[in-house]
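Student: Supplied structure: my_file-v4.txt, compact mmCIF, C-alpha atoms.
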```
# COMPACT_ATOMS: atom_id res chain seq x y z
CA MET A 1 6.78 17.96 7.94
CA SER A 2 4.80 19.66 5.19
CA ILE A 3 2.88 16.64 3.89
CA ASP A 4 -0.50 16.23 5.55
CA SER A 5 -0.90 12.46 6.00
CA TYR A 6 -4.62 12.83 6.58
CA ARG A 7 -5.53 15.30 3.86
CA PHE A 8 -7.59 12.92 1.73
CA LEU A 9 -9.10 10.82 4.52
CA ASP A 10 -12.63 11.20 5.80
CA PHE A 11 -13.00 12.24 9.45
CA ALA A 12 -13.53 8.74 10.86
CA THR A 13 -10.59 7.19 9.02
CA ARG A 14 -8.43 10.13 10.02
CA GLN A 15 -9.19 9.52 13.71
CA VAL A 16 -8.39 5.81 13.45
CA MET A 17 -5.11 6.46 11.59
CA LYS A 18 -4.06 9.08 14.17
CA ALA A 19 -4.87 6.66 16.98
CA TRP A 20 -2.78 3.95 15.34
CA ALA A 21 0.13 6.31 14.69
CA SER A 22 0.13 7.46 18.31
CA ARG A 23 0.34 3.94 19.73
CA GLU A 24 3.02 2.54 17.41
CA ARG A 25 6.62 2.51 18.60
CA ALA A 26 9.26 1.69 16.03
CA ASP A 27 11.39 -1.33 16.88
CA VAL A 28 14.88 -1.78 15.49
CA ILE A 29 14.57 -0.89 11.80
CA PRO A 30 16.39 -3.26 9.44
CA PHE A 31 18.60 -1.53 6.90
CA THR A 32 20.77 -2.87 4.11
CA PRO A 33 22.62 -0.11 2.26
CA LEU A 34 22.37 -0.08 -1.51
CA THR A 35 25.73 -1.33 -2.73
CA LYS A 36 25.44 -0.35 -6.38
CA PRO A 37 24.11 2.67 -8.27
CA LEU A 38 20.39 2.69 -9.01
CA ASN A 39 21.08 2.35 -12.74
CA GLU A 40 22.66 -1.05 -12.08
CA CYS A 41 19.72 -2.34 -10.03
CA THR A 42 16.99 -4.83 -10.86
CA VAL A 43 13.85 -3.50 -9.16
CA ALA A 44 10.61 -5.21 -8.07
CA LEU A 45 7.34 -3.70 -6.88
CA VAL A 46 4.89 -4.73 -4.16
CA SER A 47 1.37 -3.27 -4.15
CA THR A 48 -1.05 -3.40 -1.22
CA ALA A 49 -4.07 -3.02 -3.54
CA GLY A 50 -5.10 -6.69 -3.37
CA ILE A 51 -4.31 -7.46 -7.02
CA ALA A 52 -4.76 -11.07 -8.17
CA CYS A 53 -4.39 -12.45 -11.68
CA GLN A 54 -7.64 -13.74 -13.19
CA GLY A 55 -6.41 -17.32 -13.16
CA ASP A 56 -5.30 -17.05 -9.54
CA ARG A 57 -7.31 -17.32 -6.34
CA PRO A 58 -8.77 -13.91 -5.44
CA PHE A 59 -8.09 -12.37 -2.02
CA ASP A 60 -10.76 -13.59 0.38
CA GLN A 61 -13.32 -10.81 0.60
CA GLU A 62 -16.08 -13.14 1.75
CA ARG A 63 -14.20 -14.08 4.85
CA GLU A 64 -13.50 -10.41 5.58
CA ARG A 65 -17.22 -9.68 5.20
CA ARG A 66 -17.98 -12.45 7.71
CA ASP A 67 -15.20 -11.35 10.07
CA PRO A 68 -14.48 -7.64 9.55
CA TRP A 69 -11.52 -7.70 11.96
CA TRP A 70 -9.74 -10.12 9.59
CA GLY A 71 -7.88 -9.23 6.40
CA ASP A 72 -6.36 -11.67 3.90
CA PRO A 73 -2.61 -11.84 4.69
CA SER A 74 -1.60 -13.82 1.61
CA PHE A 75 0.24 -12.60 -1.47
CA ARG A 76 -0.03 -13.00 -5.22
CA VAL A 77 2.64 -12.99 -7.89
CA ILE A 78 1.98 -10.49 -10.68
CA PRO A 79 4.18 -11.25 -13.71
CA MET A 80 5.62 -8.35 -15.69
CA GLY A 81 3.34 -7.76 -18.66
CA THR A 82 0.13 -8.28 -16.67
CA THR A 83 -2.37 -5.51 -17.35
CA GLU A 84 -5.57 -4.27 -15.75
CA ALA A 85 -7.48 -6.57 -18.13
CA ASP A 86 -5.79 -9.62 -16.60
CA VAL A 87 -6.43 -8.99 -12.89
CA ARG A 88 -9.02 -8.49 -10.18
CA VAL A 89 -8.51 -5.78 -7.55
CA CYS A 90 -9.82 -7.26 -4.29
CA HIS A 91 -9.77 -4.48 -1.67
CA LEU A 92 -12.79 -3.38 0.31
CA HIS A 93 -11.20 -0.19 1.72
CA ILE A 94 -10.22 1.69 -1.44
CA ASP A 95 -11.97 2.59 -4.66
CA PRO A 96 -10.60 -0.12 -6.99
CA ARG A 97 -11.82 1.54 -10.19
CA PHE A 98 -8.71 3.65 -10.70
CA ALA A 99 -6.50 0.54 -10.65
CA GLN A 100 -9.01 -1.31 -12.81
CA ALA A 101 -8.74 1.45 -15.41
CA ASP A 102 -4.94 1.58 -15.28
CA LEU A 103 -2.99 -0.91 -13.17
CA ASP A 104 0.06 1.39 -13.13
CA VAL A 105 -1.82 3.66 -10.72
CA VAL A 106 -1.10 1.09 -7.97
CA LEU A 107 1.47 -1.30 -9.50
CA PRO A 108 3.49 0.71 -12.04
CA MET A 109 5.15 -2.15 -13.94
CA ARG A 110 4.96 -0.39 -17.32
CA ARG A 111 6.37 2.81 -15.86
CA LEU A 112 9.16 0.76 -14.27
CA THR A 113 9.96 -0.77 -17.67
CA GLU A 114 10.13 2.73 -19.14
CA LEU A 115 12.57 3.80 -16.41
CA ALA A 116 14.73 0.81 -17.36
CA GLN A 117 14.61 1.88 -21.02
CA GLN A 118 15.69 5.36 -19.93
CA GLY A 119 18.60 3.92 -17.94
CA VAL A 120 17.29 5.06 -14.52
CA ILE A 121 17.34 1.43 -13.36
CA ARG A 122 19.04 -1.55 -15.00
CA GLN A 123 16.00 -3.78 -15.27
CA ALA A 124 12.41 -4.21 -14.13
CA ALA A 125 11.81 -7.55 -12.39
CA ALA A 126 10.04 -10.40 -14.16
CA ARG A 127 7.83 -10.97 -11.09
CA HIS A 128 6.09 -8.38 -8.94
CA TYR A 129 3.78 -8.90 -5.98
CA SER A 130 0.58 -7.81 -4.34
CA ILE A 131 -0.80 -8.13 -0.85
CA MET A 132 -4.08 -6.73 0.49
CA GLY A 133 -3.44 -3.74 2.73
CA TYR A 134 -6.15 -4.13 5.40
CA ILE A 135 -4.58 -6.50 7.94
CA LEU A 136 -5.11 -5.61 11.62
CA GLU A 137 -3.16 -8.59 12.99
CA PRO A 138 0.06 -8.84 10.95
CA ASP A 139 1.50 -12.10 12.34
CA VAL A 140 0.95 -14.19 9.18
CA LEU A 141 2.03 -11.29 6.97
CA VAL A 142 5.26 -10.81 8.88
CA HIS A 143 6.21 -14.43 9.53
CA GLU A 144 4.95 -16.18 6.38
CA THR A 145 4.03 -13.81 3.56
CA ALA A 146 6.95 -11.40 3.71
CA PRO A 147 9.61 -14.16 3.87
CA ALA A 148 7.93 -15.98 0.96
CA ILE A 149 8.05 -12.82 -1.17
CA ALA A 150 11.65 -12.12 -0.14
CA GLU A 151 12.65 -15.68 -1.07
CA ARG A 152 11.24 -15.23 -4.58
CA MET A 153 12.90 -11.82 -4.95
CA HIS A 154 16.19 -13.34 -3.89
CA ALA A 155 15.79 -16.11 -6.47
CA ASP A 156 15.10 -13.45 -9.13
CA GLY A 157 18.23 -11.45 -8.28
CA ILE A 158 16.30 -8.39 -7.14
CA ASP A 159 18.51 -5.58 -5.84
CA ALA A 160 15.76 -3.33 -4.50
CA ALA A 161 12.01 -3.36 -4.02
CA ALA A 162 9.46 -0.61 -3.58
CA LEU A 163 6.34 -1.16 -1.49
CA VAL A 164 3.53 0.97 -2.87
CA PRO A 165 0.57 1.45 -0.51
CA ALA A 166 -2.83 1.62 -2.12
CA MET B 1 0.37 7.99 1.57
CA ILE B 2 0.00 8.24 5.36
CA PRO B 3 3.64 8.88 6.25
CA ASP B 4 2.83 9.72 9.90
CA LEU B 5 1.67 6.15 10.44
CA THR B 6 4.45 4.52 8.43
CA ARG B 7 7.11 6.53 10.30
CA ALA B 8 5.57 5.51 13.61
CA VAL B 9 5.87 1.85 12.58
CA GLY B 10 9.42 2.41 11.27
CA VAL B 11 10.68 1.45 7.81
CA PRO B 12 14.15 1.62 6.25
CA ARG B 13 13.33 4.29 3.67
CA LEU B 14 10.10 6.19 3.10
CA ALA B 15 8.94 8.54 0.37
CA GLY B 16 5.96 10.62 1.46
CA ILE B 17 3.27 11.80 -0.93
CA SER B 18 -0.15 13.30 -0.30
CA TYR B 19 -2.32 11.63 -2.93
CA PRO B 20 -5.80 10.11 -2.52
CA LEU B 21 -6.21 6.47 -1.51
CA GLY B 22 -6.35 4.15 -4.50
CA ARG B 23 -4.17 6.43 -6.62
CA PRO B 24 -0.70 6.42 -5.09
CA LEU B 25 1.10 6.93 -8.42
CA GLY B 26 -1.42 9.42 -9.74
CA SER B 27 -4.34 9.44 -12.15
CA PRO B 28 -5.16 6.67 -14.63
CA HIS B 29 -3.42 7.17 -17.98
CA ASP B 30 -1.23 10.03 -16.72
CA HIS B 31 1.93 8.18 -17.75
CA ASP B 32 4.26 11.15 -17.35
CA GLY B 33 2.94 11.90 -13.86
CA GLN B 34 3.15 8.27 -12.78
CA ARG B 35 6.68 7.91 -14.12
CA ALA B 36 7.80 11.07 -12.31
CA VAL B 37 6.43 9.80 -8.99
CA LEU B 38 7.99 6.36 -9.48
CA ARG B 39 11.34 7.84 -10.42
CA ALA B 40 11.34 10.18 -7.42
CA LEU B 41 10.42 7.27 -5.15
CA LEU B 42 13.25 5.07 -6.47
CA GLU B 43 15.77 7.88 -6.24
CA VAL B 44 15.37 7.84 -2.46
CA LEU B 45 17.22 4.51 -2.48
CA PRO B 46 20.76 5.72 -3.26
CA ARG B 47 20.26 8.83 -1.10
CA ALA B 48 19.45 6.90 2.06
CA THR B 49 22.42 6.09 4.26
CA ASP B 50 20.59 5.28 7.48
CA PRO B 51 17.36 3.57 8.52
CA ASP B 52 14.29 5.71 9.07
CA THR B 53 15.15 7.88 6.05
CA TYR B 54 12.14 10.00 5.12
CA VAL B 55 11.88 12.12 1.98
CA GLU B 56 8.83 14.18 1.06
CA LEU B 57 8.10 13.97 -2.66
CA PRO B 58 7.34 17.34 -4.29
CA PHE B 59 4.06 16.35 -6.00
CA VAL B 60 0.78 18.13 -5.34
CA TRP B 61 -2.55 16.52 -6.17
CA PRO B 62 -4.26 18.89 -8.64
CA ASP B 63 -7.69 18.73 -7.02
CA THR B 64 -9.37 19.34 -3.68
CA PRO B 65 -9.72 16.52 -1.14
CA ALA B 66 -13.49 17.00 -1.21
CA HIS B 67 -13.61 16.46 -4.95
CA ALA B 68 -11.27 13.46 -4.73
CA ARG B 69 -13.49 11.85 -2.08
CA ASN B 70 -16.60 12.73 -4.06
CA GLU B 71 -15.32 10.69 -7.01
CA SER B 72 -15.63 7.59 -4.82
CA ARG B 73 -18.81 8.50 -2.94
CA ASP B 74 -20.71 5.49 -4.32
CA ILE B 75 -18.20 2.96 -2.99
CA PRO B 76 -19.85 1.17 -0.03
CA PRO B 77 -18.22 1.33 3.40
CA SER B 78 -15.80 -1.46 4.24
CA PRO B 79 -17.05 -4.31 6.48
CA ILE B 80 -15.21 -2.95 9.53
CA VAL B 81 -16.72 0.52 9.05
CA GLU B 82 -20.19 -1.00 8.67
CA LEU B 83 -19.66 -3.07 11.82
CA VAL B 84 -18.54 -0.10 13.91
CA MET B 85 -21.45 1.98 12.62
CA ARG B 86 -23.86 -0.77 13.76
CA LYS B 87 -22.01 -1.41 17.05
CA PRO B 88 -20.30 1.84 18.04
CA TRP B 89 -19.11 0.39 21.37
CA LEU B 90 -16.51 -1.46 19.29
CA LEU B 91 -14.85 1.77 18.17
CA PRO B 92 -12.32 1.71 21.05
CA ASN B 93 -11.28 -1.75 19.85
CA LEU B 94 -10.60 -0.35 16.38
CA TYR B 95 -8.58 2.56 17.81
CA SER B 96 -6.54 0.32 20.08
CA GLY B 97 -6.12 -2.58 17.66
CA ARG B 98 -7.37 -4.98 20.33
CA ILE B 99 -9.48 -7.42 18.33
CA PRO B 100 -12.60 -8.28 20.38
CA ARG B 101 -13.60 -11.82 21.16
CA ARG B 102 -16.84 -12.74 19.41
CA GLU B 103 -18.93 -12.50 22.62
CA GLU B 104 -17.71 -8.94 23.21
CA GLU B 105 -19.18 -7.85 19.90
CA VAL B 106 -22.75 -8.79 20.79
CA CYS B 107 -22.81 -7.09 24.22
CA ALA B 108 -23.31 -3.39 24.57
CA SER B 109 -20.98 -1.78 27.09
```
Could you render the structure from this file as structure tokens?
Tutor:
Amino acid sequence: MSIDSYRFLDFATRQVMKAWASRERADVIPFTPLTKPLNECTVALVSTAGIACQGDRPFDQERERRDPWWGDPSFRVIPMGTTEADVRVCHLHIDPRFAQADLDVVLPMRRLTELAQQGVIRQAAARHYSIMGYILEPDVLVHETAPAIAERMHADGIDAAALVPA
Amino acid sequence: MIPDLTRAVGVPRLAGISYPLGRPLGSPHDHDGQRAVLRALLEVLPRATDPDTYVELPFVWPDTPAHARNESRDIPPSPIVELVMRKPWLLPNLYSGRIPRREEEVCAS
């Protein structure tokens, strides 16, 4: 592998990530083959940058400050057409200013629309999603949040989704 | 972003890129760069025929890691980092993922 996973991490974060990687063991990995060409697919995006629309409830940073072992496992819907001016980036483990300057840095909805215009995909989804990426205990994420997002994607006729880590 | 960790967890298809945290698609307002990364990421989909497919994307961040980190030097540490700095005996809990009970946090080992 030529990509250095830890290249941009500070020493402490690097050590924690290496420890986590060494103790994980992959279970059975679900896989559904793509049954149509990419240029016939409707595509949705999921960002872990903790993006919430201004009118929506923000991710709970106060609770994380009170209990640093906890991370908000909920999700938010981000409609196509939402820009950096319309959202808050609620993530205490990344520098949110890049996403605040240009939301496509973490949730590239405009770039996805351009790829649809170029015929690379058929269509960009009407609804995209964000979760907040610091979650040490993933039970709620796995058993509640992920199925809720999948249900909405299914309703929207999504053929494929890309999860973009922040 | 940290493909070692994601591969250890196991996902259907993974595109690896070595970009700084907070900027997975690239720099703000670099539309061409962002679109190239997104396109390369999506093009993994039709290429993958089996689970655990891993493709390394051919993009190189145009700056040093030190400079990239320096751009965010004024961002305060996260609550968990602050906690472990104040109570370093909790660091093994962070490494192992074993969340301590509240009474464990207040007692030094």
Student: With only C-alpha atoms considered, list every residue of chain B at most 6 Å from chain A, as a list of chain:residue names.
Tutor: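 Contact residues on the first chain: B:Ile2, B:Pro3, B:Leu5, B:Ala8, B:Val9, B:Gly10, B:Pro12, B:Pro20, B:Leu21, B:Gly22, B:Arg23, B:Leu25, B:Gly26, B:Pro28, B:Arg35, B:Pro51, B:Pro65, B:Ser78, B:Pro79, B:Ile80, B:Tyr95.
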Student: Which residues are close to Thr42 (chain A), i.e. within 10 Å by all atoms listed in the file, leaving aside same-chain residues fewer than 2 positions away? Reply as a list in words.
Tutor: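 Close residues of Thr42 (chain A): Leu38, Asn39, Glu40, Ala44, Ala116, Ile121, Arg122, Gln123, Ala124, Ala125, Ala126, Asp156, Gly157, Ile158, Asp159, Ala160 and Ala161 of chain A.
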Student: In Å, with one decimal, what is the gap from CA of Leu83 (chain B) to CA of Met132 (chain A)?
Tutor: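 So the two atoms, CA of Leu83 (chain B) and CA of Met132 (chain A), lie 19.6 Å apart.
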Student: Name all residues at most 8 Å from region 141-151 of chain A (count only C-alpha atoms; drop same-chain ones fewer than 2 positions away) and give them as number ranges by chain.
Tutor: A: 73-75, 129, 138-139, 153-155
Student: Calculate how many Å separate CA of Ser18 (chain B) from CA of Gly50 (chain A), rounding to one decimal.
Tutor: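 Separation between CA of Ser18 (chain B) and CA of Gly50 (chain A): 20.8 Å.
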Student: Please provide the set of residues having any atom within 7 Å of Val11 (chain B), restricted to only C-alpha atoms, with same-chain residues fewer than 4 positions apart removed, written as an MDAnalysis selection string.
Tutor: (chainID A and resid 29) or (chainID B and resid 6:7 52)
Student: CA of Gly81 (chain A) to CA of Phe59 (chain B): how many Å, to one decimal?
Tutor: 27.2 Å
Student: Let me have the centre and edge lengths of the axis-aligned box enclosing all listed atoms of region 77-93 of chain B with 4 Å padding on every side, in Å to one decimal, as lines of an AutoDock Vina configuration file.
Tutor:
```
center_x = -17.6
center_y = -1.2
center_z = 12.4
size_x = 20.6
size_y = 14.3
size_z = 26.0
```
Student: From the options A:Arg63, A:Glu84, A:Val77, A:Cys41, which residue's atoms come nearest to His29 (chain B), counting all atoms listed in the file?
Tutor: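 Nearest to His29 (chain B): A:Glu84.
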Student: Residues within 10 Å of (-4.5, -11.0, -10.7), file coordinates, counting all atoms listed in the file: what are they? Give the list as a list in words.
Tutor: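 Residues satisfying the cut-off, written out: Gly50, Ile51, Ala52, Cys53, Gln54, Gly55, Asp56, Arg57, Pro58, Phe59, Arg76, Val77, Ile78, Pro79, Thr82, Thr83, Glu84, Ala85, Asp86, Val87, Arg88, Val89, Cys90, Tyr129 and Ser130 of chain A.
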Student: Restricting the output to C-alpha atoms, write the selected residues as a CSV table (one decimal), keeping the file's coordinate frame.
Tutor:
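File produced: out_39.csv:
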```
chain,number,residue,atom,x,y,z
A,50,GLY,CA,-5.1,-6.7,-3.4
A,51,ILE,CA,-4.3,-7.5,-7.0
A,52,ALA,CA,-4.8,-11.1,-8.2
A,53,CYS,CA,-4.4,-12.4,-11.7
A,54,GLN,CA,-7.6,-13.7,-13.2
A,55,GLY,CA,-6.4,-17.3,-13.2
A,56,ASP,CA,-5.3,-17.0,-9.5
A,57,ARG,CA,-7.3,-17.3,-6.3
A,58,PRO,CA,-8.8,-13.9,-5.4
A,59,PHE,CA,-8.1,-12.4,-2.0
A,76,ARG,CA,0.0,-13.0,-5.2
A,77,VAL,CA,2.6,-13.0,-7.9
A,78,ILE,CA,2.0,-10.5,-10.7
A,79,PRO,CA,4.2,-11.2,-13.7
A,82,THR,CA,0.1,-8.3,-16.7
A,83,THR,CA,-2.4,-5.5,-17.4
A,84,GLU,CA,-5.6,-4.3,-15.8
A,85,ALA,CA,-7.5,-6.6,-18.1
A,86,ASP,CA,-5.8,-9.6,-16.6
A,87,VAL,CA,-6.4,-9.0,-12.9
A,88,ARG,CA,-9.0,-8.5,-10.2
A,89,VAL,CA,-8.5,-5.8,-7.6
A,90,CYS,CA,-9.8,-7.3,-4.3
A,129,TYR,CA,3.8,-8.9,-6.0
A,130,SER,CA,0.6,-7.8,-4.3
```
